[in-house]
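> Take a look at run_32.cif, mmCIF, C-alpha atoms and all ligand atoms:
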```cif
data_entry
#
loop_
_atom_site.label_atom_id
_atom_site.label_comp_id
_atom_site.auth_asym_id
_atom_site.auth_seq_id
_atom_site.Cartn_x
_atom_site.Cartn_y
_atom_site.Cartn_z
CA MET M 180 214.86 2.61 164.30
CA PRO M 181 216.82 4.99 166.51
CA TYR M 182 216.31 8.73 166.10
CA LYS M 183 219.47 10.05 164.44
CA LEU M 184 221.07 13.36 165.38
CA LEU M 185 223.91 15.11 163.57
CA PHE M 186 225.72 18.04 165.20
CA VAL M 187 227.55 20.41 162.86
CA CYS M 188 230.13 23.17 163.41
CA LEU M 189 232.97 24.57 161.29
CA GLY M 190 235.97 22.33 162.02
CA ASN M 191 234.32 19.38 163.81
CA ILE M 192 237.01 19.43 166.50
CA CYS M 193 235.50 21.69 169.20
CA ARG M 194 231.75 22.42 169.38
CA SER M 195 230.06 19.63 167.40
CA PRO M 196 232.12 16.76 168.87
CA ALA M 197 231.35 18.30 172.28
CA ALA M 198 227.62 18.26 171.46
CA GLU M 199 227.87 14.66 170.25
CA ASN M 200 229.80 13.42 173.28
CA ILE M 201 227.69 15.38 175.79
CA THR M 202 224.52 13.94 174.23
CA ASN M 203 225.95 10.43 174.48
CA TYR M 204 226.88 11.13 178.12
CA LEU M 205 223.31 12.26 178.88
CA LEU M 206 221.80 9.32 176.99
CA GLN M 207 223.88 6.93 179.05
CA GLN M 208 222.84 8.65 182.29
CA GLN M 209 219.19 8.41 181.27
CA ASN M 210 219.49 4.80 180.02
CA LEU M 211 218.37 5.94 176.59
CA ASP M 212 221.42 4.86 174.58
CA GLY M 213 220.30 2.91 171.55
CA GLN M 214 217.07 4.88 171.12
CA ILE M 215 218.86 7.99 169.93
CA THR M 216 222.18 7.95 168.07
CA CYS M 217 224.49 10.87 167.32
CA ASP M 218 227.30 11.86 165.04
CA SER M 219 229.02 15.16 164.23
CA ALA M 220 230.59 16.85 161.21
CA GLY M 221 232.23 20.09 160.09
CA THR M 222 231.42 22.36 157.19
CA ILE M 223 235.14 22.43 156.28
CA SER M 224 237.45 19.46 155.76
CA TYR M 225 240.62 21.09 157.14
CA HIS M 226 240.64 19.00 160.34
CA SER M 227 239.21 15.78 158.87
CA GLY M 228 240.59 12.74 160.67
CA SER M 229 241.60 14.72 163.77
CA PRO M 230 240.39 13.90 167.28
CA PRO M 231 238.57 16.58 169.32
CA ASP M 232 240.72 19.62 170.19
CA ARG M 233 242.93 18.96 173.24
CA ARG M 234 241.54 22.04 175.04
CA MET M 235 237.98 20.77 174.53
CA VAL M 236 238.99 17.33 175.82
CA GLU M 237 240.59 18.90 178.93
CA ALA M 238 237.53 21.02 179.71
CA ALA M 239 235.33 17.93 179.37
CA LYS M 240 237.64 15.84 181.55
CA ALA M 241 237.29 18.41 184.34
CA ARG M 242 233.53 17.71 184.24
CA GLY M 243 233.99 13.95 184.29
CA MET M 244 233.38 13.37 180.59
CA THR M 245 235.60 11.56 178.08
CA PHE M 246 235.37 12.84 174.51
CA SER M 247 236.18 10.70 171.48
CA GLY M 248 235.70 10.71 167.72
CA ARG M 249 237.39 11.82 164.51
CA ALA M 250 236.52 14.88 162.47
CA ARG M 251 234.80 14.56 159.11
CA ARG M 252 233.22 16.96 156.68
CA PHE M 253 229.45 17.32 156.37
CA ASP M 254 228.27 15.32 153.37
CA PRO M 255 225.02 16.17 151.51
CA ALA M 256 224.12 12.46 151.92
CA ASP M 257 223.76 13.30 155.63
CA PHE M 258 220.47 15.06 154.84
CA GLU M 259 218.90 11.66 154.14
CA LYS M 260 220.75 9.73 156.83
CA PHE M 261 219.81 11.90 159.82
CA ASP M 262 216.48 12.92 161.34
CA LEU M 263 217.72 16.20 162.75
CA ILE M 264 220.79 18.34 161.95
CA LEU M 265 221.86 20.83 164.62
CA ALA M 266 223.96 23.85 163.62
CA MET M 267 226.15 25.48 166.28
CA ASP M 268 226.07 28.99 164.78
CA ARG M 269 224.38 30.96 162.01
CA ASP M 270 227.28 30.48 159.59
CA ASN M 271 227.09 26.71 160.02
CA TYR M 272 223.32 26.91 159.53
CA ALA M 273 223.70 28.90 156.29
CA ASP M 274 226.51 26.65 155.01
CA ILE M 275 224.42 23.52 155.60
CA LEU M 276 221.34 24.97 153.90
CA ALA M 277 223.45 26.09 150.93
CA LEU M 278 224.08 22.39 150.24
CA ASP M 279 220.34 21.66 150.13
CA ARG M 280 219.81 23.19 146.72
CA LYS M 281 216.21 22.11 146.31
CA GLY M 282 215.24 23.02 149.86
CA GLU M 283 214.10 19.45 150.50
CA TYR M 284 215.71 19.15 153.91
CA HIS M 285 215.39 22.61 155.43
CA HIS M 286 212.88 21.27 157.95
CA LYS M 287 215.56 18.95 159.37
CA VAL M 288 218.06 21.73 160.13
CA ARG M 289 217.81 23.63 163.43
CA MET M 290 219.96 25.93 165.55
CA MET M 291 221.38 24.14 168.60
CA CYS M 292 220.65 27.04 170.96
CA ASP M 293 216.93 26.83 170.13
CA PHE M 294 216.90 24.01 172.67
CA CYS M 295 218.55 25.93 175.55
CA ARG M 296 216.27 26.43 178.52
CA HIS M 297 218.58 28.38 180.82
CA HIS M 298 220.98 30.25 178.51
CA SER M 299 219.90 33.08 176.26
CA LEU M 300 222.76 32.98 173.72
CA LYS M 301 221.49 32.23 170.22
CA GLU M 302 224.72 30.64 168.96
CA VAL M 303 227.42 28.41 170.43
CA PRO M 304 230.47 30.73 170.27
CA ASP M 305 233.51 29.43 168.41
CA PRO M 306 236.16 28.84 171.14
CA TYR M 307 239.03 27.98 168.77
CA TYR M 308 241.02 31.23 168.94
CA GLY M 309 240.25 32.05 172.59
CA GLY M 310 241.26 30.91 176.06
CA PRO M 311 240.09 28.04 178.27
CA GLU M 312 237.01 29.95 179.49
CA GLY M 313 235.58 29.69 175.97
CA PHE M 314 235.73 25.90 176.09
CA ASN M 315 234.06 25.83 179.52
CA ARG M 316 231.32 28.09 178.22
CA VAL M 317 230.74 25.74 175.26
CA ILE M 318 230.26 22.85 177.69
CA ASP M 319 227.83 24.84 179.90
CA LEU M 320 225.77 25.92 176.90
CA LEU M 321 225.74 22.49 175.33
CA LEU M 322 224.73 20.72 178.55
CA ASP M 323 221.70 23.02 178.60
CA ALA M 324 220.93 22.65 174.88
CA CYS M 325 221.47 18.86 174.78
CA GLU M 326 219.21 18.34 177.79
CA GLY M 327 216.52 20.47 176.19
CA LEU M 328 216.91 18.65 172.89
CA LEU M 329 216.57 15.20 174.49
CA GLU M 330 213.49 16.31 176.40
CA GLU M 331 211.86 17.59 173.22
CA ILE M 332 212.57 14.34 171.42
CA ALA M 333 211.40 12.26 174.38
CA SER M 334 208.17 14.20 174.59
CA GLU M 335 207.69 13.61 170.84
CA ARG M 336 207.13 17.26 170.23
CA LEU M 337 209.91 17.23 167.70
CA ASP M 338 208.48 15.84 164.50
CA PRO M 339 210.67 17.14 161.63
CA SER M 340 207.72 16.94 159.23
CA THR M 341 205.74 19.47 161.27
CA THR M 342 208.37 21.58 163.04
CA PRO M 343 208.37 25.09 161.56
CA ARG M 344 211.67 26.57 160.49
CA SER M 345 213.06 28.87 163.14
CA HIS M 346 215.62 30.73 161.01
P1 LIG P 401 234.78 24.14 165.76
O1 LIG P 401 236.02 25.12 166.06
O2 LIG P 401 234.10 24.68 164.51
O3 LIG P 401 233.94 24.30 166.97
O4 LIG P 401 235.36 22.76 165.56
C1 LIG P 401 236.95 25.49 165.08
C2 LIG P 401 237.93 24.61 164.68
C3 LIG P 401 238.85 25.00 163.74
C4 LIG P 401 238.81 26.27 163.20
C5 LIG P 401 237.81 27.14 163.59
C6 LIG P 401 236.87 26.75 164.53
N1 LIG P 401 239.76 26.67 162.26
O5 LIG P 401 239.75 27.86 161.86
O6 LIG P 401 240.61 25.87 161.84
#
```
Translate this file's structure into structure tokens.

Amino acid sequence: MPYKLLFVCLGNICRSPAAENITNYLLQQQNLDGQITCDSAGTISYHSGSPPDRRMVEAAKARGMTFSGRARRFDPADFEKFDLILAMDRDNYADILALDRKGEYHHKVRMMCDFCRHHSLKEVPDPYYGGPEGFNRVIDLLLDACEGLLEEIASERLDPSTTPRSH
């Protein structure tokens, strides 16, 4: 069974599709595709069905990456379907946990920036209302976080049943 990752942001058109596509890019580079699978979702449904934001796609293209996918809203059934759920910012984290009324899945939900090894930001900043530099920064941060995440999984240090909650 592959290890299943779900990346979550607000709209599912900028940060979480970037995290999903960057992870797939790294998995392909490392010949690990198939062992780990990823998906992404948003906490709101406003952009459901939309492809990744054009500005995000352009920033990725400049780094040699092709982004694909369609936005969807986070579904409470995702708690069962995925091994690990990565929130881009604290609002996303709180919104996800609010849907886990019994607290059964809190151990599966982590902040994406917990896995950064070079950047010190604690959240992936929302680039939606800013300029192109915000989209480039999202890619830089996520390359760092996704690499760190894959290393943790590969080294089997990341067992959701034993990982303490970080937030
Ligand atoms: P994302 O960015 O959460 O990274 O996909 C946003 C997309 C849409 C909106 C805000 C952030 N919005 O307000 O519609």
> With all atoms listed in the file as the atoms that count, which of M:Gly309, M:Gly221, M:Gly243, M:Gly327 lies nearest to ligand LIG 401 (chain P)?
M:Gly221
> Can you work out which one of M:Leu185, M:Ile264, M:Cys292, M:Ile318 has the shortest atom-to-atom distance to Pro306 in chain M, counting all atoms listed in the file?
M:Ile318
> Pick out the closest residue to Arg289 in chain M from this set: M:Ile275, M:Ala266, M:Asp319, M:Arg249. Count only C-alpha atoms.
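Distance minimum relative to Arg289 in chain M lands on M:Ala266.
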> Would you mind telling me which residue in M:Val317, M:Pro181, M:Glu283, M:Val236 lies nearest to ligand LIG 401 (chain P) when using all atoms listed in the file?
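Closest to ligand LIG 401 (chain P), using all atoms listed in the file: M:Val317.
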> Using only C-alpha atoms and all ligand atoms, find each residue in chain M having at least one atom no more than 6 Å away from ligand LIG 401 (chain P); report its shortest atom-to-atom pair and that distance in Å (one decimal), rows by chain then rising number, as CSV.

```
residue,atom,partner,partner_atom,distance
M:Cys188,CA,P:LIG401,O2,4.4
M:Leu189,CA,P:LIG401,O2,3.4
M:Gly190,CA,P:LIG401,O4,3.6
M:Asn191,CA,P:LIG401,O4,3.9
M:Ile192,CA,P:LIG401,O4,3.8
M:Cys193,CA,P:LIG401,O3,3.8
M:Arg194,CA,P:LIG401,O3,3.8
M:Asp305,CA,P:LIG401,O3,5.3
M:Tyr307,CA,P:LIG401,C1,4.9
```
> Suppose we keep C-alpha atoms; can you now write the selection as an mmCIF file, in the frame of the given file?

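Contents of result.cif, freshly written:
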```cif
data_model
loop_
_atom_site.group_PDB
_atom_site.id
_atom_site.type_symbol
_atom_site.label_atom_id
_atom_site.label_comp_id
_atom_site.auth_asym_id
_atom_site.auth_seq_id
_atom_site.Cartn_x
_atom_site.Cartn_y
_atom_site.Cartn_z
ATOM 1 C CA CYS M 188 230.130 23.170 163.410
ATOM 2 C CA LEU M 189 232.970 24.570 161.290
ATOM 3 C CA GLY M 190 235.970 22.330 162.020
ATOM 4 C CA ASN M 191 234.320 19.380 163.810
ATOM 5 C CA ILE M 192 237.010 19.430 166.500
ATOM 6 C CA CYS M 193 235.500 21.690 169.200
ATOM 7 C CA ARG M 194 231.750 22.420 169.380
ATOM 8 C CA ASP M 305 233.510 29.430 168.410
ATOM 9 C CA TYR M 307 239.030 27.980 168.770
#
```
> Neighbours of Asn315 in chain M within 10 Å (all atoms listed in the file; same-chain residues fewer than 3 positions away dropped), as number ranges by chain?
M: 234-235, 237-239, 241-242, 306, 310-312, 318-321
> For CA of Asp279 in chain M and CA of Glu259 in chain M, quote the distance in Å rounded to one decimal.
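Going from CA of Asp279 in chain M over to CA of Glu259 in chain M, I get 10.9 Å.
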> Would you mind reading off the distance between CA of Asp293 in chain M and CA of Ile215 in chain M, one decimal, in Å?
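Interatomic distance, CA of Asp293 in chain M to CA of Ile215 in chain M: 18.9 Å.
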> Can you tell me which residues surround range 200-206 of chain M at a distance of at most 7 Å, considering all atoms listed in the file, apart from same-chain residues fewer than 4 positions away, and format the answer as a PyMOL selection string?
chain M and resi 196+210-212+246+322+325
> Which is closest to Ala256 in chain M among M:His286, M:Arg296, M:Leu278, M:Thr216, if we use only C-alpha atoms?
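Of all the options, M:Leu278 lies closest to Ala256 in chain M.
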> Between M:Val187, M:Met180, M:Leu263, M:Leu300, which has the minimum distance to Gly213 in chain M (counting only C-alpha atoms)?
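Residue with the minimum atom-to-atom distance to Gly213 in chain M: M:Met180.
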> Please indicate the distance in Å from CA of Leu276 in chain M to CA of Thr222 in chain M, rounded to one decimal place.
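Computed distance, CA of Leu276 in chain M to CA of Thr222 in chain M, equals 10.9 Å.
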> For a cut-off of 9 Å around (224.3, 32.6, 171.1), file coordinates, pick out all residues using only C-alpha atoms and list them as a tab-separated table (two decimals) with C-alpha atoms, in the frame of the given file.

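See selection.tsv below for the written result:
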```tsv
chain	number	residue	atom	x	y	z
M	267	MET	CA	226.15	25.48	166.28
M	268	ASP	CA	226.07	28.99	164.78
M	292	CYS	CA	220.65	27.04	170.96
M	298	HIS	CA	220.98	30.25	178.51
M	299	SER	CA	219.90	33.08	176.26
M	300	LEU	CA	222.76	32.98	173.72
M	301	LYS	CA	221.49	32.23	170.22
M	302	GLU	CA	224.72	30.64	168.96
M	303	VAL	CA	227.42	28.41	170.43
M	304	PRO	CA	230.47	30.73	170.27
M	320	LEU	CA	225.77	25.92	176.90
```
